[in-house]
Structure formats: C-alpha cells, structure tokens
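Below is one structure, written out as structure tokens; the observations come after it.
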Amino acid sequence: MSTSVADRAPAGEVVLSLAGVSKRFGAVQALSDVHMDVRAGEVVALVGDNGAGKSTLVKVISGVYEPDGGDITFAGRKVTVGGPSEAQALGIATVFQDLALCDNLDVVANLFLGQEQLAGPFIDEVGMEKEAWRLLKTLSAKIPSVRIPIAALSGGQRQTVAIARSLVGSPQVVMLDEPTAALGVAQTAEVLNLIERLRETGLGVILISHNMADVQAVADRIVVLRLGKNAAEFRVEDASTAELVAAITGASDNVVASRASRRSASTQTETHIESGEQDG
Ligand SMILES: Nc1ncnc2c1ncn2[C@@H]1O[C@H](COP(=O)(O)OP(=O)(O)OP(=O)(O)O)[C@@H](O)[C@H]1O
C-alpha cells in the first residue's frame, strides 16, 4: 500500500477531533475535559510545561492509554483506539521520542520492521526498497543510502527515518513527540523542513515541543495545556512569545515574559532612535 494523497481528507477538513478527554492516574488528574481539533494540511503544536499532560494526551490518541472519558472522532466517526497498532491501522501515526529504531539494521529494514502488513501483503525486498525511496522522496529527505545501518546516520537523519516509517500505511495524522529535542541547529532546521513537507502532503500534524522558536517557525495553531486542561489556543501569527509563555505558565508576570517584554521594548527604542523618531 502506498501513501496516496487522493485518500486523504481535503485540506482544512477536521480529521481528528478530541472532546472532553480525561485521564486520571490514581490521585493525579492528568487530563481534564481536553478538546483539540486537527485539520488536514495543518500543523498543530501542543505545548505546555512539564507535567501539563502532553505525553498523556499523545498516548491517549495513539492508543497507549485508554481515556477515562471523552470522545475521539477520526475521519468523521467516533472511534476507540484500542492500542498503538489500532491507531496506526486507523491512520494515526506517532513518532515517539525514543524513535524506536534498530541501530544495527538498515533504513529499509527499519521502515518496515513489524509493519509489513501495512506495507501490503505481497511486498518483497525489492518492493520495500522502492517504497523506502518513495517515502524518503515524499519528505525530500537527504539519506545517502537506504542500505546503511541506522547507527551510521546523524540525529536528524534518524528522525527522518522515524518520520518516514510513520508514513508506511498512509496515515492522515502524524504526531511527533519532541522531534528536535536532541538535535543541533542545522538538524533542527532539517526536521522543521520535514514537518512542512508533511503538511504539504495534506497530513494533519501534531507537534509536541518545548521549543517556542520551533513551534513559532512551523505551526499553524498552538494549543496550550496547563495542569491537564486547555489553557489557551492561538493562531501562530497572533501569539507573541510573551503571550505563549504566559499561557504556559499561567502568569503574565513571570521572569521569562517580563524579560521578553523588556527586550522587545528596548529593540523598539533602538528602532526609533535609528529611524530618528526620538524626541528632542
Ligand atoms: N503512568 C503514569 N502514572 C502516574 N502518573 C502519571 C503517569 N503518566 C503521567 N502521570 C502524571 O500525569 C501528569 C501529566 O504528565 P505528562 O507526562 O502527560 O505531562 P507532560 O506535559 O508530557 O510533561 P513533560 O513535558 O515533562 O513530558 C503529571 O502529573 C504526571 O506525573
């Protein structure tokens, strides 16, 4: 089976919708009444402080955890996601932080390991290699060979393989959990390009990140969780870093926000001085 754009929902259509999702672990209410929509051809960033509930939400969507309450609607119908393989069969793929790649196996083996059934019943070694190149091409990925072991690849290239792997089986939604956390500047830029490619192919992308620069560079919408609840939602062009930080921390007078506004005030003053707008 190949990833066909024709199978996908038209851009702008809601493909995944969460309503009233809750999850408790003993005394900890990790998620309360969470809602979130993801549209085809859109990158939604899911942000929040440590313990805000991001990982729990990802695990609910990917079928690792069963929610205590709430509805998940995927491609227009209410679904229960019984486990990660069910999520993948539905069309919800997740790239977890650990990437789950086998270092000693090559790129082709890693792309299809354990998901041969998603690639199609009759796919052989040659077919897998062709499909591997096709998936990497979809991402405009820079991998020198599909026959080199993962151990020989850089961090950005590994992330690329993990993202390509998530595309086997034609998902409609891809979730990326902190994809740039362990990467340097150039590799981060590479991964942000991949995310843009995913959006261009019409996928709904959920990006979990602590990095506001990455989020602001690539997301269309930003959903902020705080203490397991929806705290705010922004279109990326409407949110300043200070507003985002305030929504994440729940306070507008925190150290990061006031530092950001001091810096922005001093930049404005400098701009005015440079353009000769100062008084006197
Ligand atoms: N398996 C679990 N058992 C008990 N409590 C849990 C479990 N998983 C998460 N929690 C708790 O649920 C809350 C939300 O945690 P979660 O890991 O979802 O937050 P997060 O936003 O992903 O944080 P981080 O950015 O640190 O990964 C936290 O209070 C956490 O301690």
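Letters A, B, ... go to the chains of the structure tokens in the order shown; residues in each chain start at 1; ligands are counted from 1 in the same order.
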Residues within 9 Å of ligand 1 should be enumerated using only C-alpha atoms and all ligand atoms and returned as a PyMOL selection string.
chain A and resi 23-31+47-59+65+208-210+225-228
What does the file look like for those residues with C-alpha atoms, as a short mmCIF file (atom, residue, chain, number, x, y, z; two decimals), in the first residue's frame?
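Saved the output as again_18.cif:
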```
data_model
loop_
_atom_site.label_atom_id
_atom_site.label_comp_id
_atom_site.auth_asym_id
_atom_site.auth_seq_id
_atom_site.Cartn_x
_atom_site.Cartn_y
_atom_site.Cartn_z
CA LYS A 23 -7.41 10.65 32.20
CA ARG A 24 -6.55 10.04 35.82
CA PHE A 25 -3.61 8.19 37.34
CA GLY A 26 -4.51 7.45 40.98
CA ALA A 27 -4.68 10.84 42.68
CA VAL A 28 -3.33 12.72 39.64
CA GLN A 29 -5.86 14.11 37.17
CA ALA A 30 -3.50 14.16 34.18
CA LEU A 31 -6.15 15.36 31.68
CA VAL A 47 2.73 22.91 24.22
CA GLY A 48 2.78 23.09 27.99
CA ASP A 49 5.08 22.99 30.97
CA ASN A 50 6.44 19.77 32.47
CA GLY A 51 3.53 17.71 33.75
CA ALA A 52 0.93 19.66 31.72
CA GLY A 53 -0.40 16.44 30.20
CA LYS A 54 1.11 16.48 26.70
CA SER A 55 2.57 12.97 26.78
CA THR A 56 -0.59 11.59 28.34
CA LEU A 57 -2.67 13.15 25.56
CA VAL A 58 -0.33 11.74 22.90
CA LYS A 59 -0.64 8.32 24.50
CA TYR A 65 -3.74 4.75 27.33
CA ILE A 208 4.75 18.34 20.79
CA SER A 209 7.54 20.70 21.68
CA HIS A 210 9.10 22.72 24.46
CA LEU A 225 -2.19 22.70 28.06
CA ARG A 226 -1.74 23.62 31.71
CA LEU A 227 -2.32 21.23 34.59
CA GLY A 228 -4.12 18.84 32.28
#
```
Can you pull out every residue within 10 Å of range 89-94 of chain A, counting only C-alpha atoms, but drop anything in the same chain fewer than 5 positions away, and send it as number ranges by chain?
A: 8, 15-16, 58-59, 61-63, 74-75, 79, 81, 83-84, 99, 117-118, 162-163, 165-177, 204-206
How would the residues just picked look written out with N, CA and C atoms as a compact mmCIF listing (two decimals), in the first residue's frame?
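What landed in result_20.txt:
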```txt
# COMPACT_ATOMS: atom_id res chain seq x y z
N ARG A 8 -6.62 11.10 1.17
CA ARG A 8 -6.67 11.98 2.33
C ARG A 8 -7.84 12.95 2.29
N VAL A 15 -9.72 16.26 10.68
CA VAL A 15 -9.53 14.81 10.58
C VAL A 15 -9.55 14.15 11.94
N LEU A 16 -9.07 14.87 12.94
CA LEU A 16 -9.05 14.30 14.29
C LEU A 16 -9.64 15.33 15.25
N VAL A 58 -0.89 12.47 24.05
CA VAL A 58 -0.33 11.74 22.90
C VAL A 58 -0.61 10.25 23.05
N LYS A 59 -0.44 9.76 24.27
CA LYS A 59 -0.64 8.32 24.50
C LYS A 59 -2.11 7.94 24.42
N ILE A 61 -4.23 9.47 22.33
CA ILE A 61 -4.53 9.50 20.89
C ILE A 61 -3.91 8.29 20.19
N SER A 62 -2.73 7.87 20.66
CA SER A 62 -2.07 6.75 19.98
C SER A 62 -2.48 5.39 20.55
N GLY A 63 -3.43 5.40 21.48
CA GLY A 63 -3.97 4.13 21.95
C GLY A 63 -3.16 3.44 23.03
N PHE A 74 -12.40 10.44 14.48
CA PHE A 74 -11.36 10.40 13.45
C PHE A 74 -12.02 10.19 12.10
N ALA A 75 -11.67 11.02 11.14
CA ALA A 75 -12.23 10.96 9.79
C ALA A 75 -13.76 10.88 9.84
N VAL A 79 -14.33 6.98 17.40
CA VAL A 79 -13.52 5.77 17.45
C VAL A 79 -13.03 5.50 18.88
N VAL A 81 -9.58 3.90 20.38
CA VAL A 81 -8.26 3.49 19.90
C VAL A 81 -7.72 2.46 20.90
N GLY A 83 -5.20 0.42 20.90
CA GLY A 83 -3.77 0.19 21.09
C GLY A 83 -3.02 0.83 19.95
N PRO A 84 -1.68 0.91 20.06
CA PRO A 84 -0.90 1.57 19.02
C PRO A 84 -1.10 0.99 17.62
N LEU A 99 12.21 7.14 19.22
CA LEU A 99 12.25 6.80 17.79
C LEU A 99 12.05 5.32 17.48
N GLN A 117 2.59 -5.73 7.26
CA GLN A 117 1.17 -5.82 6.87
C GLN A 117 0.62 -4.48 6.40
N LEU A 118 1.20 -3.38 6.93
CA LEU A 118 0.74 -2.06 6.49
C LEU A 118 1.30 -1.73 5.11
N ALA A 162 12.57 7.83 11.15
CA ALA A 162 11.43 7.57 12.03
C ALA A 162 10.15 8.21 11.47
N ILE A 163 10.28 9.41 10.90
CA ILE A 163 9.11 10.07 10.32
C ILE A 163 8.66 9.33 9.06
N ARG A 165 9.06 6.24 8.50
CA ARG A 165 8.46 5.00 8.99
C ARG A 165 6.98 5.22 9.36
N SER A 166 6.71 6.39 9.92
CA SER A 166 5.33 6.67 10.34
C SER A 166 4.40 6.80 9.12
N LEU A 167 4.98 7.02 7.94
CA LEU A 167 4.14 7.20 6.74
C LEU A 167 3.74 5.89 6.08
N VAL A 168 4.39 4.79 6.49
CA VAL A 168 4.01 3.48 5.93
C VAL A 168 2.57 3.20 6.38
N GLY A 169 1.70 2.92 5.43
CA GLY A 169 0.30 2.67 5.79
C GLY A 169 -0.59 3.88 5.61
N SER A 170 -0.10 4.92 4.97
CA SER A 170 -0.92 6.10 4.61
C SER A 170 -1.72 6.71 5.76
N PRO A 171 -1.04 7.21 6.80
CA PRO A 171 -1.82 7.84 7.87
C PRO A 171 -2.43 9.17 7.42
N GLN A 172 -3.38 9.66 8.21
CA GLN A 172 -3.93 11.01 7.95
C GLN A 172 -3.42 12.00 8.99
N VAL A 173 -2.99 11.43 10.13
CA VAL A 173 -2.47 12.29 11.19
C VAL A 173 -1.13 11.71 11.66
N VAL A 174 -0.14 12.58 11.81
CA VAL A 174 1.14 12.14 12.36
C VAL A 174 1.45 12.99 13.59
N MET A 175 1.77 12.30 14.69
CA MET A 175 2.15 13.02 15.91
C MET A 175 3.65 12.88 16.12
N LEU A 176 4.29 14.00 16.40
CA LEU A 176 5.74 14.00 16.61
C LEU A 176 6.02 14.49 18.02
N ASP A 177 6.59 13.59 18.84
CA ASP A 177 6.83 13.95 20.24
C ASP A 177 8.26 14.49 20.39
N GLY A 204 -2.48 15.92 8.73
CA GLY A 204 -2.64 16.70 9.94
C GLY A 204 -1.45 16.35 10.82
N VAL A 205 -0.73 17.36 11.31
CA VAL A 205 0.47 17.09 12.10
C VAL A 205 0.28 17.65 13.50
N ILE A 206 0.58 16.82 14.51
CA ILE A 206 0.59 17.30 15.89
C ILE A 206 2.05 17.32 16.33
```
Could you check how far CA of Asp124 in chain A sits from CA of Phe112 in chain A, in Å to one decimal?
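Computed distance, CA of Asp124 in chain A to CA of Phe112 in chain A, equals 10.8 Å.
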Would you kindly return, as a short mmCIF file (atom, residue, chain, number, x, y, z; two decimals) with C-alpha atoms, in the first residue's frame, each protein, DNA or RNA residue with an atom no farther than 6 Å from any atom of range 34-45 of chain A, considering only C-alpha atoms and excluding same-chain residues fewer than 2 positions away?
```cif
data_model
loop_
_atom_site.label_atom_id
_atom_site.label_comp_id
_atom_site.auth_asym_id
_atom_site.auth_seq_id
_atom_site.Cartn_x
_atom_site.Cartn_y
_atom_site.Cartn_z
CA ALA A 11 -7.02 20.45 3.27
CA GLY A 12 -8.79 22.31 6.03
CA GLU A 13 -11.16 19.48 6.93
CA VAL A 14 -11.06 18.31 10.55
CA VAL A 15 -9.53 14.81 10.58
CA LEU A 16 -9.05 14.30 14.29
CA SER A 17 -11.20 15.80 17.00
CA LEU A 18 -10.97 15.31 20.75
CA ALA A 19 -13.79 16.40 23.04
CA GLY A 20 -13.92 16.22 26.83
CA VAL A 21 -10.97 13.83 27.10
CA SER A 32 -9.49 17.07 32.35
CA ARG A 199 1.79 19.48 5.92
CA GLY A 202 -2.07 17.07 3.31
CA LEU A 203 -1.41 15.38 6.64
CA GLY A 204 -2.64 16.70 9.94
CA VAL A 205 0.47 17.09 12.10
CA ILE A 206 0.59 17.30 15.89
CA LEU A 207 3.91 18.66 17.11
CA ILE A 208 4.75 18.34 20.79
CA ALA A 219 2.98 25.56 13.49
CA ASP A 220 -0.29 26.97 12.17
CA ARG A 221 -2.05 26.74 15.51
CA ILE A 222 -0.82 26.35 19.07
CA LYS A 229 -6.58 21.42 30.91
CA ASN A 230 -6.85 23.57 27.80
#
```
For the structure I just gave you, how does DSSP split range 37-228 of chain A - specifically, which residues are strand (DSSP E or B)? Reply as a VMD selection string.
chain A and resid 37 to 39 42 to 47 69 to 74 77 to 79 92 to 95 106 149 173 to 177 204 to 208 221 to 226
Best match for closeness to Ser22 in chain A among A:Asp71, A:Gly250, A:Ala9, A:Ala217, counting only C-alpha atoms:
A:Asp71
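Put simply, CA of Leu192 in chain A is 13.5 Å away from CA of Lys142 in chain A.
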